[in-house]
Every structure is written in structure tokens, then in C-alpha cells.
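For reference, input01.txt (compact mmCIF, C-alpha atoms and all ligand atoms):
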# COMPACT_ATOMS: atom_id res chain seq x y z
CA MET L 1017 87.31 79.48 98.16
CA HIS L 1018 90.30 79.82 100.45
CA LEU L 1019 88.44 82.53 102.30
CA GLN L 1020 85.55 80.22 103.08
CA ARG L 1021 87.83 77.42 104.16
CA SER L 1022 89.92 79.65 106.36
CA SER L 1023 87.28 81.94 107.85
CA GLY L 1024 86.61 79.63 110.78
CA VAL L 1025 90.29 79.40 111.64
CA PHE L 1026 90.70 83.14 111.18
CA ARG L 1027 87.82 83.78 113.59
CA LEU L 1028 89.33 81.51 116.21
CA ILE L 1029 92.70 83.24 115.97
CA ALA L 1030 91.09 86.71 115.90
CA GLU L 1031 89.25 85.98 119.13
CA SER L 1032 92.15 84.25 120.87
CA GLU L 1033 93.90 85.55 123.98
CA TRP L 1034 97.07 85.65 121.88
CA ARG L 1035 95.55 88.18 119.47
CA LYS L 1036 93.96 90.16 122.33
CA LYS L 1037 97.43 91.10 123.58
CA ARG L 1038 98.32 92.47 120.17
CA LEU L 1039 97.57 95.52 118.09
CA LEU L 1040 97.55 95.68 114.32
CA ILE L 1041 98.51 99.14 113.06
CA LEU L 1042 97.42 99.57 109.46
CA CYS L 1043 99.46 101.83 107.19
CA TYR L 1044 98.10 103.48 104.06
CA HIS L 1045 99.70 106.00 101.75
CA GLY L 1046 97.34 107.27 99.10
CA ILE L 1047 93.84 106.74 97.77
CA ALA L 1048 93.70 107.23 94.01
CA ARG L 1049 91.68 110.09 92.58
CA LYS L 1050 92.48 109.16 88.98
CA ASP L 1051 94.81 106.36 87.94
CA GLU L 1052 97.50 106.64 90.61
CA HIS L 1053 96.78 103.09 91.82
CA LEU L 1054 97.77 101.82 88.36
CA TRP L 1055 100.94 103.90 88.38
CA ARG L 1056 102.09 102.85 91.87
CA PRO L 1057 99.95 100.04 93.34
CA ASP L 1058 102.37 99.91 96.27
CA LEU L 1059 101.45 103.49 97.23
CA TYR L 1060 97.88 104.03 96.05
CA MET L 1061 94.64 102.11 96.41
CA HIS L 1062 91.47 102.51 94.41
CA PRO L 1063 88.79 104.07 96.65
CA ASP L 1064 86.49 101.06 96.16
CA ALA L 1065 89.23 98.70 97.38
CA PHE L 1066 89.85 100.93 100.38
CA ARG L 1067 86.14 101.11 101.18
CA GLN L 1068 86.02 97.31 101.05
CA ARG L 1069 88.84 97.16 103.63
CA MET L 1070 86.85 99.39 105.96
CA GLU L 1071 83.80 97.21 105.35
CA ILE L 1072 85.78 94.10 106.36
CA LEU L 1073 86.85 95.81 109.60
CA LYS L 1074 83.22 96.59 110.35
CA GLN L 1075 81.73 93.25 109.27
CA ARG L 1076 84.30 91.20 111.17
CA GLY L 1077 83.89 93.25 114.34
CA TYR L 1078 87.41 94.68 114.62
CA ARG L 1079 87.81 97.45 117.20
CA VAL L 1080 89.39 100.47 115.56
CA LEU L 1081 90.99 102.58 118.28
CA PRO L 1082 92.69 105.99 118.14
CA LEU L 1083 96.45 105.41 117.80
CA GLY L 1084 97.47 107.07 121.09
CA GLU L 1085 94.82 105.23 123.11
CA SER L 1086 95.67 101.92 121.45
CA LEU L 1087 99.36 102.29 122.35
CA GLU L 1088 98.56 103.18 125.96
CA ARG L 1089 96.25 100.20 126.26
CA LEU L 1090 98.84 97.94 124.61
CA GLN L 1091 101.39 98.90 127.26
CA ALA L 1092 98.86 98.54 130.08
CA GLY L 1093 97.66 95.13 128.83
CA LYS L 1094 94.16 96.53 128.42
CA LEU L 1095 93.45 96.18 124.73
CA PRO L 1096 90.00 95.00 123.73
CA SER L 1097 89.98 91.95 121.50
CA LYS L 1098 90.61 92.44 117.76
CA SER L 1099 92.32 95.82 118.15
CA VAL L 1100 93.32 97.81 115.09
CA ALA L 1101 94.60 101.36 114.53
CA ILE L 1102 94.48 103.10 111.15
CA THR L 1103 97.33 105.36 110.02
CA PHE L 1104 98.00 107.28 106.82
CA ASP L 1105 101.47 108.46 105.86
CA ASP L 1106 102.35 111.83 104.33
CA GLY L 1107 98.97 113.60 104.52
CA GLY L 1108 98.33 114.08 100.82
CA TYR L 1109 95.42 116.07 99.46
CA ASP L 1110 93.92 112.71 98.45
CA PHE L 1111 93.49 111.93 102.16
CA TYR L 1112 91.31 115.03 102.43
CA ALA L 1113 89.40 114.44 99.20
CA ALA L 1114 89.18 110.65 98.90
CA ALA L 1115 90.21 108.76 102.04
CA PHE L 1116 88.66 110.72 104.88
CA PRO L 1117 85.10 110.75 103.50
CA ILE L 1118 85.20 106.93 103.44
CA ILE L 1119 86.73 106.62 106.93
CA LYS L 1120 84.24 109.13 108.29
CA SER L 1121 81.32 107.16 106.88
CA TYR L 1122 82.44 104.24 109.09
CA GLY L 1123 83.09 106.45 112.11
CA PHE L 1124 86.63 105.08 112.52
CA PRO L 1125 89.37 107.14 114.21
CA VAL L 1126 92.44 107.78 112.07
CA THR L 1127 95.94 109.18 112.47
CA VAL L 1128 97.76 111.04 109.71
CA TYR L 1129 101.55 111.17 109.90
CA GLN L 1130 101.85 114.52 108.21
CA THR L 1131 104.86 115.87 106.37
CA THR L 1132 104.55 119.64 106.33
CA TYR L 1133 107.12 121.37 104.13
CA TYR L 1134 104.92 121.35 101.04
CA GLY L 1135 101.81 122.43 102.96
CA ASP L 1136 102.32 126.07 102.01
CA ARG L 1137 103.50 125.26 98.48
CA PRO L 1138 100.70 124.29 96.10
CA VAL L 1139 102.88 122.22 93.76
CA PRO L 1140 103.25 118.46 93.35
CA ILE L 1141 106.01 116.63 95.23
CA PHE L 1142 108.59 116.71 92.49
CA ASN L 1143 109.97 113.16 92.36
CA LEU L 1144 106.46 111.68 92.36
CA ALA L 1145 105.39 114.11 89.64
CA TRP L 1146 108.40 113.27 87.46
CA SER L 1147 107.75 109.55 87.84
CA TYR L 1148 104.03 109.92 87.11
CA LEU L 1149 104.63 112.07 84.01
CA LEU L 1150 106.97 109.44 82.56
CA TRP L 1151 104.46 106.69 83.39
CA LEU L 1152 101.73 108.56 81.52
CA LYS L 1153 103.89 108.15 78.40
CA ARG L 1154 104.86 104.56 79.16
CA GLY L 1155 105.61 102.56 76.06
CA SER L 1156 107.32 105.46 74.26
CA VAL L 1157 110.94 105.86 73.28
CA LEU L 1158 111.70 109.56 72.86
CA THR L 1159 114.68 111.64 71.91
CA GLY L 1160 115.61 114.96 73.46
CA GLY L 1161 116.69 113.90 76.96
CA LYS L 1162 119.85 116.03 76.74
CA ALA L 1163 117.81 119.14 77.57
CA PHE L 1164 117.17 117.55 80.99
CA GLY L 1165 120.73 116.37 81.62
CA LEU L 1166 119.77 112.82 80.59
CA GLU L 1167 120.75 110.42 77.84
CA ASN L 1168 119.34 111.78 74.60
CA SER L 1169 117.29 108.65 73.99
CA LEU L 1170 114.64 108.16 76.67
CA ASP L 1171 113.26 104.65 77.01
CA LEU L 1172 109.89 104.81 78.78
CA THR L 1173 108.92 101.24 77.99
CA THR L 1174 109.68 99.56 81.33
CA GLU L 1175 109.23 100.40 84.99
CA GLU L 1176 112.97 99.99 85.52
CA SER L 1177 113.97 102.26 82.63
CA ARG L 1178 111.57 104.96 83.87
CA ALA L 1179 112.85 104.58 87.44
CA GLN L 1180 116.41 105.05 86.19
CA ILE L 1181 115.44 108.32 84.53
CA VAL L 1182 113.78 109.56 87.73
CA ARG L 1183 116.86 108.60 89.75
CA LYS L 1184 119.06 110.58 87.35
CA LEU L 1185 116.74 113.59 87.52
CA VAL L 1186 116.83 113.48 91.33
CA LEU L 1187 120.63 113.19 91.39
CA ASN L 1188 120.97 116.05 88.91
CA ALA L 1189 118.63 118.21 90.99
CA GLU L 1190 120.61 117.46 94.13
CA ALA L 1191 123.94 118.17 92.44
CA ALA L 1192 122.65 121.47 91.09
CA GLN L 1193 121.04 122.25 94.48
CA LEU L 1194 117.80 123.18 92.79
CA THR L 1195 115.24 125.06 94.86
CA GLY L 1196 111.66 123.87 95.19
CA GLU L 1197 110.58 126.36 92.52
CA GLN L 1198 113.28 125.17 90.14
CA LYS L 1199 112.27 121.54 90.63
CA ASN L 1200 108.68 122.47 89.91
CA GLU L 1201 109.79 124.35 86.81
CA LEU L 1202 111.68 121.24 85.71
CA ALA L 1203 108.49 119.18 86.15
CA SER L 1204 106.63 121.75 84.08
CA GLN L 1205 109.23 121.57 81.29
CA LEU L 1206 109.23 117.77 81.39
CA ALA L 1207 105.43 117.77 81.04
CA LYS L 1208 105.68 120.14 78.09
CA PHE L 1209 108.28 117.89 76.47
CA LEU L 1210 105.91 114.93 76.96
CA SER L 1211 102.89 116.90 75.65
CA ILE L 1212 101.07 116.68 78.99
CA SER L 1213 99.21 119.60 80.55
CA TYR L 1214 101.12 120.41 83.72
CA GLU L 1215 98.50 123.02 84.61
CA GLN L 1216 95.90 120.27 84.85
CA ILE L 1217 98.17 118.13 87.02
CA VAL L 1218 98.76 121.06 89.38
CA ALA L 1219 95.08 121.99 89.42
CA SER L 1220 94.08 118.38 90.25
CA ARG L 1221 96.27 118.62 93.38
CA ILE L 1222 97.66 115.19 92.71
CA PHE L 1223 100.84 114.57 94.79
CA GLN L 1224 100.21 117.68 96.88
CA VAL L 1225 99.98 117.58 100.65
CA MET L 1226 97.16 119.11 102.67
CA THR L 1227 97.28 122.82 103.35
CA PRO L 1228 97.20 124.12 106.94
CA SER L 1229 93.54 125.09 106.53
CA GLU L 1230 92.60 121.61 105.27
CA ARG L 1231 94.42 120.08 108.23
CA SER L 1232 92.56 122.39 110.62
CA GLN L 1233 89.27 121.43 109.07
CA LEU L 1234 89.97 117.71 109.47
CA ALA L 1235 91.41 118.13 112.97
CA ALA L 1236 88.08 119.73 113.93
CA GLU L 1237 86.43 116.55 112.64
CA GLY L 1238 88.62 114.40 114.86
CA VAL L 1239 91.55 113.47 112.61
CA ASP L 1240 94.73 113.00 114.67
CA PHE L 1241 97.82 114.59 113.07
CA GLN L 1242 101.23 113.27 114.08
CA LEU L 1243 104.90 113.60 113.10
CA HIS L 1244 106.53 112.46 109.85
CA THR L 1245 109.36 115.05 109.60
CA HIS L 1246 108.97 118.44 107.94
CA ARG L 1247 110.74 117.58 104.68
CA HIS L 1248 110.13 113.81 104.60
CA ARG L 1249 113.70 112.90 105.43
CA THR L 1250 115.74 111.59 108.34
CA PRO L 1251 119.22 113.17 108.34
CA VAL L 1252 121.89 111.14 110.10
CA ASP L 1253 123.15 114.29 111.80
CA GLU L 1254 121.42 114.63 115.20
CA ASN L 1255 120.88 118.38 114.99
CA LEU L 1256 119.39 118.18 111.51
CA PHE L 1257 117.26 115.19 112.52
CA CYS L 1258 115.91 117.02 115.56
CA ARG L 1259 115.25 120.10 113.46
CA GLU L 1260 113.02 118.00 111.21
CA ILE L 1261 110.96 117.03 114.27
CA GLN L 1262 110.87 120.57 115.61
CA ASP L 1263 109.87 122.13 112.27
CA ASN L 1264 107.28 119.42 111.70
CA ARG L 1265 105.82 119.90 115.19
CA ARG L 1266 105.80 123.67 114.83
CA ALA L 1267 103.90 123.41 111.55
CA LEU L 1268 101.38 121.07 113.20
CA GLY L 1269 101.20 123.34 116.24
CA GLU L 1270 98.33 125.32 114.82
CA LEU L 1271 96.14 122.27 115.48
CA GLY L 1272 96.46 122.94 119.21
CA ARG L 1273 97.77 119.58 120.45
CA LYS L 1274 101.41 118.64 120.76
CA ALA L 1275 102.28 115.84 118.33
CA ILE L 1276 104.12 113.03 120.18
CA HIS L 1277 103.86 110.05 117.82
CA PHE L 1278 106.22 109.60 114.88
CA CYS L 1279 106.51 107.52 111.74
CA TYR L 1280 109.82 106.98 109.93
CA PRO L 1281 109.63 108.43 106.39
CA SER L 1282 109.98 105.64 103.82
CA GLY L 1283 110.26 103.22 106.75
CA VAL L 1284 113.97 104.00 107.12
CA TYR L 1285 115.34 103.88 110.66
CA ARG L 1286 118.62 103.65 112.52
CA GLN L 1287 119.35 102.67 116.07
CA GLU L 1288 120.29 106.17 117.21
CA PHE L 1289 117.01 107.70 116.01
CA ALA L 1290 115.13 106.35 119.05
CA GLU L 1291 117.36 108.31 121.46
CA TRP L 1292 116.99 111.46 119.43
CA LEU L 1293 113.21 111.04 119.30
CA LYS L 1294 113.06 110.57 123.08
CA LYS L 1295 114.97 113.83 123.55
CA GLU L 1296 112.31 115.50 121.43
CA GLN L 1297 109.61 114.09 123.73
CA VAL L 1298 108.29 111.71 121.13
CA VAL L 1299 106.75 108.61 122.75
CA SER L 1300 106.28 106.21 119.83
CA ALA L 1301 107.57 105.54 116.34
CA THR L 1302 106.19 103.21 113.68
CA THR L 1303 108.03 101.44 110.89
CA CYS L 1304 106.89 99.77 107.66
CA ASP L 1305 108.00 96.33 108.90
CA ALA L 1306 105.10 93.91 108.88
CA GLY L 1307 103.80 92.65 112.16
CA LEU L 1308 101.47 93.10 115.09
CA ALA L 1309 102.68 95.13 118.05
CA ASP L 1310 102.74 93.37 121.42
CA PRO L 1311 103.55 94.66 124.94
CA ARG L 1312 107.22 93.76 124.47
CA SER L 1313 107.57 95.65 121.19
CA ASN L 1314 110.07 98.48 121.23
CA PRO L 1315 107.82 101.59 121.26
CA PHE L 1316 110.24 103.23 118.80
CA LEU L 1317 110.11 100.32 116.35
CA LEU L 1318 106.42 99.49 116.20
CA PRO L 1319 105.53 97.27 113.24
CA ARG L 1320 102.67 98.06 110.88
CA LEU L 1321 100.93 96.36 108.04
CA VAL L 1322 101.44 98.35 104.84
CA ASP L 1323 98.19 97.73 103.01
CA THR L 1324 98.32 98.19 99.25
CA SER L 1325 96.40 97.36 96.09
CA ALA L 1326 98.74 94.42 95.68
CA ARG L 1327 97.31 92.66 98.75
CA THR L 1328 94.35 90.35 98.38
CA GLU L 1329 91.41 90.47 100.77
CA LEU L 1330 92.52 87.08 102.02
CA GLU L 1331 95.95 88.41 102.95
CA PHE L 1332 94.33 91.42 104.58
CA GLU L 1333 92.08 89.20 106.70
CA ALA L 1334 95.01 86.93 107.54
CA TRP L 1335 96.86 89.95 108.92
CA LEU L 1336 93.83 91.33 110.77
CA CYS L 1337 93.34 88.15 112.76
CA GLY L 1338 97.07 87.50 113.18
CA ALA L 1339 97.32 84.26 111.18
CA ALA L 1340 99.69 85.91 108.71
CA LEU L 1341 102.09 86.77 111.52
CA LEU L 1342 102.09 83.19 112.71
CA LEU L 1343 102.66 81.92 109.21
CA THR L 1344 105.37 84.38 108.27
CA PHE L 1345 106.99 84.80 111.63
CA ARG L 1346 110.51 84.69 110.28
CA ARG L 1347 109.69 86.49 107.06
CA ALA L 1348 107.81 89.41 108.54
CA ALA L 1349 109.96 92.18 107.12
CA ALA L 1350 109.34 90.95 103.60
CA GLN L 1351 105.70 92.08 103.94
CA VAL L 1352 104.45 89.09 101.96
CA ILE L 1353 102.72 85.88 102.83
CA PRO L 1354 102.48 82.76 100.68
CA ALA L 1355 99.64 82.82 98.17
CA ALA L 1356 97.94 79.89 99.87
CA ALA L 1357 98.56 81.16 103.37
CA GLY L 1358 94.90 81.41 104.21
CA SER L 1359 94.21 77.81 103.48
CA ALA L 1360 93.30 76.05 106.68
CA SER L 1361 95.48 73.12 105.68
CA GLN L 1362 98.48 75.45 105.73
CA ILE L 1363 97.97 76.56 109.30
CA ASP L 1364 101.02 75.23 111.06
CA SER L 1365 101.56 73.65 114.42
CA ARG L 1366 102.47 77.00 115.92
CA THR L 1367 99.01 78.32 115.09
CA LYS L 1368 97.37 75.19 116.39
CA SER L 1369 99.15 75.58 119.69
CA VAL L 1370 97.94 79.19 119.99
CA LEU L 1371 94.40 78.08 119.35
CA ALA L 1372 94.68 75.16 121.70
CA SER L 1373 96.21 76.94 124.63
CA GLY L 1374 95.16 80.54 124.21
CA SER L 1375 98.47 81.24 125.87
CA ARG L 1376 101.15 83.66 124.81
CA GLU L 1377 103.21 82.47 121.96
CA ASP L 1378 106.15 84.71 121.34
ZN ZN R 1 106.05 109.12 104.03

Represent the structure of the file as C-alpha cells.
Ligand SMILES: [Zn+2]
Amino acid sequence: MHLQRSSGVFRLIAESEWRKKRLLILCYHGIARKDEHLWRPDLYMHPDAFRQRMEILKQRGYRVLPLGESLERLQAGKLPSKSVAITFDDGGYDFYAAAFPIIKSYGFPVTVYQTTYYGDRPVPIFNLAWSYLLWLKRGSVLTGGKAFGLENSLDLTTEESRAQIVRKLVLNAEAAQLTGEQKNELASQLAKFLSISYEQIVASRIFQVMTPSERSQLAAEGVDFQLHTHRHRTPVDENLFCREIQDNRRALGELGRKAIHFCYPSGVYRQEFAEWLKKEQVVSATTCDAGLADPRSNPFLLPRLVDTSARTELEFEAWLCGAALLLTFRRAAAQVIPAAAGSASQIDSRTKSVLASGSRED
């Protein structure tokens, strides 16, 4: 209902001169292959929901550009109207198996910000695996946590209680300086304790990143691989930070092109990172702060729209055209818009002035 009422306004904003100067960079994490979207709707989308997003881009006539080209054209003031770029963070196996086939069917360009450390290690990323295993047994209260350095009684009934257990497991692993193999062994033991087949989880390749050969295969099909640090972390020590970029770039080097675009892991950034990135010949960096990029955006703090299962199609369309930015101008970092934001009656005077004048409205 709201969609019908607002579609005319959305179209006007989408085709305005104001929107033409701006680029919406979409950010996705994972596309579910089983029930991951139920476990973490903020990270995973059901493939049907993702396909519907791509369908909206096509039906509404948005121009999906390769990330590098879109950023060059943004700077040069030469974007086509309704510009969008699609990015995926982390480069999980699910991108290879579930996301790319959908994107390819629409012929859209896509950039993957690839973390590379796990590429040669066919095991799940440990903290995600631990969290998922506990979620699979949600609702239970178990005893026997002592064997894992936890409270003996394990309350798996709430998201918060499960998150606390994962935090403790991560802290314990850090304190004991566990190796990757030891963390994987811990996941295996935890699965056994919870009566879950860890072999099946490993074989499904859930929470695993793409291997070098899978990356090569997709690169040959036009997927653009860019930087996301080697170990998915941003040390505050300059040398360690730069090493993350260098190791990440080296691992991506087999794809033949030098990676020059970067995305902050977990959206965490500090002022000094931009200088360090410049020294490493990186030319852009994206955040997880909601917004549309404009020519005055700091190229090392480019906003993106994190699109998740939790967003309605109305919100998605409101962001595509730019109405959501106008409506939430001062609340952008919160990544939410009011439930009724798409209602034409809610469009504020700021939006009206954009539509009326077609002029820049910063
Ligand atoms: Zn990431």
C-alpha cells in the first residue's frame, strides 16, 4: 500500500539531478544455503529475497556499474542517472554457490571484498561456527560447559545468552593463543557435545571462504576481487595494519590485477587508517555507514547501504532512489528508516525542495 502511494515520489527522486550526482553502493554479506538467514538475518539473506532485490534493480531501471568505474565517474561528475554498485563482503563460499549465479543471470557487475587467510584452509570461520552450533540447539539448557572453560550450565535459550557464550569462547581462545587448527578442533568438540555432525557442517562449506581456484574461476567470469584484509582485522599498529593489506593483496595477486579498493572489516575504521591505506596505494575505502556517496564524500569513508533480510522492499526502494537518505539525513549511521518512511505524506520539505529545484541539496 505504501509502495503504491510512494512509487511516484520515489520515481521523481530517483530521476532527479540530485540523485544523478550520487552513487548507492550496496553491501551484502551472505546468501543462505540452508537456514543461515534465520540464524543471522543481519548477515544472511534467503536467495529468493536476494533475487527479488536484483529484480527491483532491473525493473526500476537502475544502472549497476562496476565499483571502480562508478567511483571514477562519481569523482568526474559523470555518473549516469540511478547509479548503483553491488559489493559483497568476505567472499564466502556461498557467494560462489548461491549469490553469483543470481547476479550473473541479471548480467550485473559485482565486487567482492575478499578476506583471504582462510582460503587455503577448508574449515569454517570459527566464531561463526561456534555461534551457529549453539543456535542450532537454541531453547536448550545444558550442563557440561566446564569442559570448554565455560560456566557448567549453558543457557541456549536467548540470543544474548548464546552471544555471551561465544564471547567467552573467543576470549578463552585468544588467551590460550589457540591456532587455527585448535579452534577448529574446539568447534568439532562443541558440535559433538551438542550432538551435531561437524563433518556435515564442514562438508557443506558453510562459513568457509572461497578457495583460490574458485576465485580464479569467478574472476574469469568478470567478478572484481578487492581488499578486505587477510585475516579480517584492522590492527591499530601501522606495520601490522599494512601487513594485512600486503598479505591480502598478495593472496589476490594470482588474479592478475592489483587490488586498489578496500572495505573496512566489520565496518570499523579510525582516522589514521586512511593515511595508511594511501601509503599502500589503495584509492578507496567503504564503510557500513548508511548513505549515498557524492562527489564530496571522503574516498576513504564511502558510505554503503547494508542490505539484509531485516529490510523491507519499501526500505530498499527508498534507499535506491535516495528518499531514505533525505528522510534520515541525521540518522544515517543508524542504518534504519522509520517504518512509514515511504509514505508520500511523510516526505518532508527537504525532499520537496529537491524535487522542485533539481538542485544540489547537501
Ligand atoms: Zn567482513

| Residue neighbourhood Asn1264 of chain L, 9 Å, all atoms listed in the file, exclusion window fewer than 4 positions, as a ChimeraX atom specification | /L:1130-1133,1242-1247,1259-1260,1268-1269

| task | Using all atoms listed in the file, determine which residues fall within 10 Å of ligand ZN 1 (chain R), then list them as a PyMOL selection string. | result | chain L and resi 1044-1045+1059+1104-1108+1129-1131+1244-1245+1247-1249+1279-1284

Could the residues in this selection be written to a file with C-alpha atoms, as a compact mmCIF listing (two decimals), keeping the file's coordinate frame?
# COMPACT_ATOMS: atom_id res chain seq x y z
CA TYR L 1044 98.10 103.48 104.06
CA HIS L 1045 99.70 106.00 101.75
CA LEU L 1059 101.45 103.49 97.23
CA PHE L 1104 98.00 107.28 106.82
CA ASP L 1105 101.47 108.46 105.86
CA ASP L 1106 102.35 111.83 104.33
CA GLY L 1107 98.97 113.60 104.52
CA GLY L 1108 98.33 114.08 100.82
CA TYR L 1129 101.55 111.17 109.90
CA GLN L 1130 101.85 114.52 108.21
CA THR L 1131 104.86 115.87 106.37
CA HIS L 1244 106.53 112.46 109.85
CA THR L 1245 109.36 115.05 109.60
CA ARG L 1247 110.74 117.58 104.68
CA HIS L 1248 110.13 113.81 104.60
CA ARG L 1249 113.70 112.90 105.43
CA CYS L 1279 106.51 107.52 111.74
CA TYR L 1280 109.82 106.98 109.93
CA PRO L 1281 109.63 108.43 106.39
CA SER L 1282 109.98 105.64 103.82
CA GLY L 1283 110.26 103.22 106.75
CA VAL L 1284 113.97 104.00 107.12

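Nearest to Arg1320 of chain L of all the residues L:Leu1040, L:Lys1050, L:Leu1028, L:Phe1332 is L:Leu1040, counting only C-alpha atoms.
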
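Each of L:Ala1267, L:Leu1042, L:Val1157, L:Ala1339 was compared to Asp1323 of chain L using all atoms listed in the file, and L:Leu1042 turns out to be the nearest.
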
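Using all atoms listed in the file, the contacts of Ala1048 of chain L at a cut-off of 10 Å, with sequence neighbours closer than 6 positions omitted, comprise Leu1054, Trp1055, Arg1056, Pro1057, Leu1059, Tyr1060, Met1061, His1062, Pro1063, Asp1064, Phe1066, Asp1110, Phe1111, Ala1113, Ala1114, Ala1115 and Ile1222 of chain L.
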
| Which of these, L:Leu1152, L:Leu1187, L:Ala1145, L:Leu1330, has the shortest distance to Leu1202 of chain L once you count all atoms listed in the file? | L:Ala1145

Could you tell me, as a short mmCIF file (atom, residue, chain, number, x, y, z; two decimals) with C-alpha atoms, keeping the file's coordinate frame, which residues have any atom at most 12 Å from (105.4, 107.7, 79.9), counting all atoms listed in the file?
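Contents of result07.cif, as written:
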data_model
loop_
_atom_site.label_atom_id
_atom_site.label_comp_id
_atom_site.auth_asym_id
_atom_site.auth_seq_id
_atom_site.Cartn_x
_atom_site.Cartn_y
_atom_site.Cartn_z
CA TRP L 1055 100.94 103.90 88.38
CA ALA L 1145 105.39 114.11 89.64
CA TRP L 1146 108.40 113.27 87.46
CA SER L 1147 107.75 109.55 87.84
CA TYR L 1148 104.03 109.92 87.11
CA LEU L 1149 104.63 112.07 84.01
CA LEU L 1150 106.97 109.44 82.56
CA TRP L 1151 104.46 106.69 83.39
CA LEU L 1152 101.73 108.56 81.52
CA LYS L 1153 103.89 108.15 78.40
CA ARG L 1154 104.86 104.56 79.16
CA GLY L 1155 105.61 102.56 76.06
CA SER L 1156 107.32 105.46 74.26
CA VAL L 1157 110.94 105.86 73.28
CA LEU L 1158 111.70 109.56 72.86
CA LEU L 1170 114.64 108.16 76.67
CA ASP L 1171 113.26 104.65 77.01
CA LEU L 1172 109.89 104.81 78.78
CA THR L 1173 108.92 101.24 77.99
CA THR L 1174 109.68 99.56 81.33
CA GLU L 1175 109.23 100.40 84.99
CA SER L 1177 113.97 102.26 82.63
CA ARG L 1178 111.57 104.96 83.87
CA ALA L 1179 112.85 104.58 87.44
CA ILE L 1181 115.44 108.32 84.53
CA VAL L 1182 113.78 109.56 87.73
CA LEU L 1206 109.23 117.77 81.39
CA ALA L 1207 105.43 117.77 81.04
CA PHE L 1209 108.28 117.89 76.47
CA LEU L 1210 105.91 114.93 76.96
CA SER L 1211 102.89 116.90 75.65
CA ILE L 1212 101.07 116.68 78.99
#

| said: Every residue with an atom at most 8 Å from (97.7, 89.0, 124.5) (file coordinates; all atoms listed in the file) is what I'm after, so could you write them as a VMD selection string? | reply: chain L and resid 1033 to 1038 1093 1310 1375 to 1376

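Atom CA of Phe1241 of chain L is found 7.0 Å from atom CA of Ala1275 of chain L.
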
| To one decimal place, how far is atom CA of Thr1250 of chain L from atom CA of Phe1289 of chain L in Å? |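 Rounded to one decimal, the two atoms are 8.7 Å apart.
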
| task | Tell me which of L:Glu1331, L:Glu1230, L:Asp1058, L:Glu1088 sits closest to Leu1271 of chain L, counting all atoms listed in the file. | result |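 Counting all atoms listed in the file, the residue closest to Leu1271 of chain L is L:Glu1230.
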
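Considering only C-alpha atoms, the residue among L:Glu1167, L:Glu1085, L:Glu1270, L:Glu1176 positioned nearest to Ser1099 of chain L is L:Glu1085.
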
| message | For Ala1101 of chain L, find every residue with an atom within 9 Å (counting all atoms listed in the file), except residues of its own chain fewer than 2 positions away, and show them as a ChimeraX atom specification. | response | /L:1039-1043,1079-1083,1086,1099,1103,1125-1127

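Comparing L:Asp1240, L:Glu1333, L:Glu1031, L:Glu1288 by their smallest distance to Pro1096 of chain L, the closest is L:Glu1031 (using only C-alpha atoms).
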
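One finds atom CA of Ser1097 of chain L at 19.5 Å from atom CA of Ser1022 of chain L.
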
Set up a box along x, y and z of the file covering all listed atoms of segment 1291-1301 of chain L, add 8 Å on every one of the six sides, and write the centre and edge lengths in Å to one decimal, as AutoDock Vina command-line options.
--center_x 111.8 --center_y 110.5 --center_z 120.0 --size_x 27.1 --size_y 26.0 --size_z 23.4

| task | Name the residues in contact with Ser1220 of chain L at a cut-off of 10 Å, using only C-alpha atoms, excluding same-chain residues fewer than 3 positions from it; report them as a PyMOL selection string. | result | chain L and resi 1049-1050+1109-1110+1140+1214-1217+1223-1224

| task | Pick out the residues sitting within 10 Å of Arg1312 of chain L, and hand them over as a ChimeraX atom specification; count all atoms listed in the file, and ignore anything fewer than 3 positions along from it in its own chain. | result | /L:1038,1090-1091,1309,1315,1378

Where atoms are absent from segment 1071-1075 of chain L, fill them in so it carries all heavy atoms, then output it as a CSV table (one decimal), in the coordinates of the input.
chain,number,residue,atom,x,y,z
L,1071,GLU,N,85.0,98.1,105.2
L,1071,GLU,CA,83.8,97.2,105.4
L,1071,GLU,C,84.2,95.9,106.1
L,1071,GLU,O,83.4,95.4,106.9
L,1071,GLU,CB,83.2,96.9,104.0
L,1071,GLU,CG,81.9,96.2,104.0
L,1071,GLU,CD,80.7,96.9,104.7
L,1071,GLU,OE1,80.8,98.2,104.7
L,1071,GLU,OE2,79.8,96.3,105.2
L,1072,ILE,N,85.3,95.3,105.7
L,1072,ILE,CA,85.8,94.1,106.4
L,1072,ILE,C,86.0,94.4,107.9
L,1072,ILE,O,85.6,93.6,108.7
L,1072,ILE,CB,87.1,93.6,105.7
L,1072,ILE,CG1,86.7,93.0,104.3
L,1072,ILE,CG2,87.7,92.5,106.5
L,1072,ILE,CD1,88.0,92.7,103.4
L,1073,LEU,N,86.6,95.5,108.2
L,1073,LEU,CA,86.8,95.8,109.6
L,1073,LEU,C,85.5,95.8,110.3
L,1073,LEU,O,85.4,95.3,111.4
L,1073,LEU,CB,87.5,97.2,109.7
L,1073,LEU,CG,89.0,97.3,109.3
L,1073,LEU,CD1,89.5,98.7,109.4
L,1073,LEU,CD2,89.9,96.4,110.2
L,1074,LYS,N,84.5,96.5,109.7
L,1074,LYS,CA,83.2,96.6,110.4
L,1074,LYS,C,82.5,95.2,110.4
L,1074,LYS,O,82.1,94.8,111.5
L,1074,LYS,CB,82.4,97.6,109.5
L,1074,LYS,CG,81.0,97.8,110.1
L,1074,LYS,CD,80.2,98.7,109.2
L,1074,LYS,CE,78.7,98.6,109.5
L,1074,LYS,NZ,77.9,99.2,108.5
L,1075,GLN,N,82.5,94.5,109.3
L,1075,GLN,CA,81.7,93.2,109.3
L,1075,GLN,C,82.3,92.2,110.2
L,1075,GLN,O,81.6,91.4,110.8
L,1075,GLN,CB,81.7,92.7,107.8
L,1075,GLN,CG,81.0,93.5,106.8
L,1075,GLN,CD,79.5,93.5,107.1
L,1075,GLN,OE1,78.9,92.6,107.7
L,1075,GLN,NE2,78.8,94.5,106.7
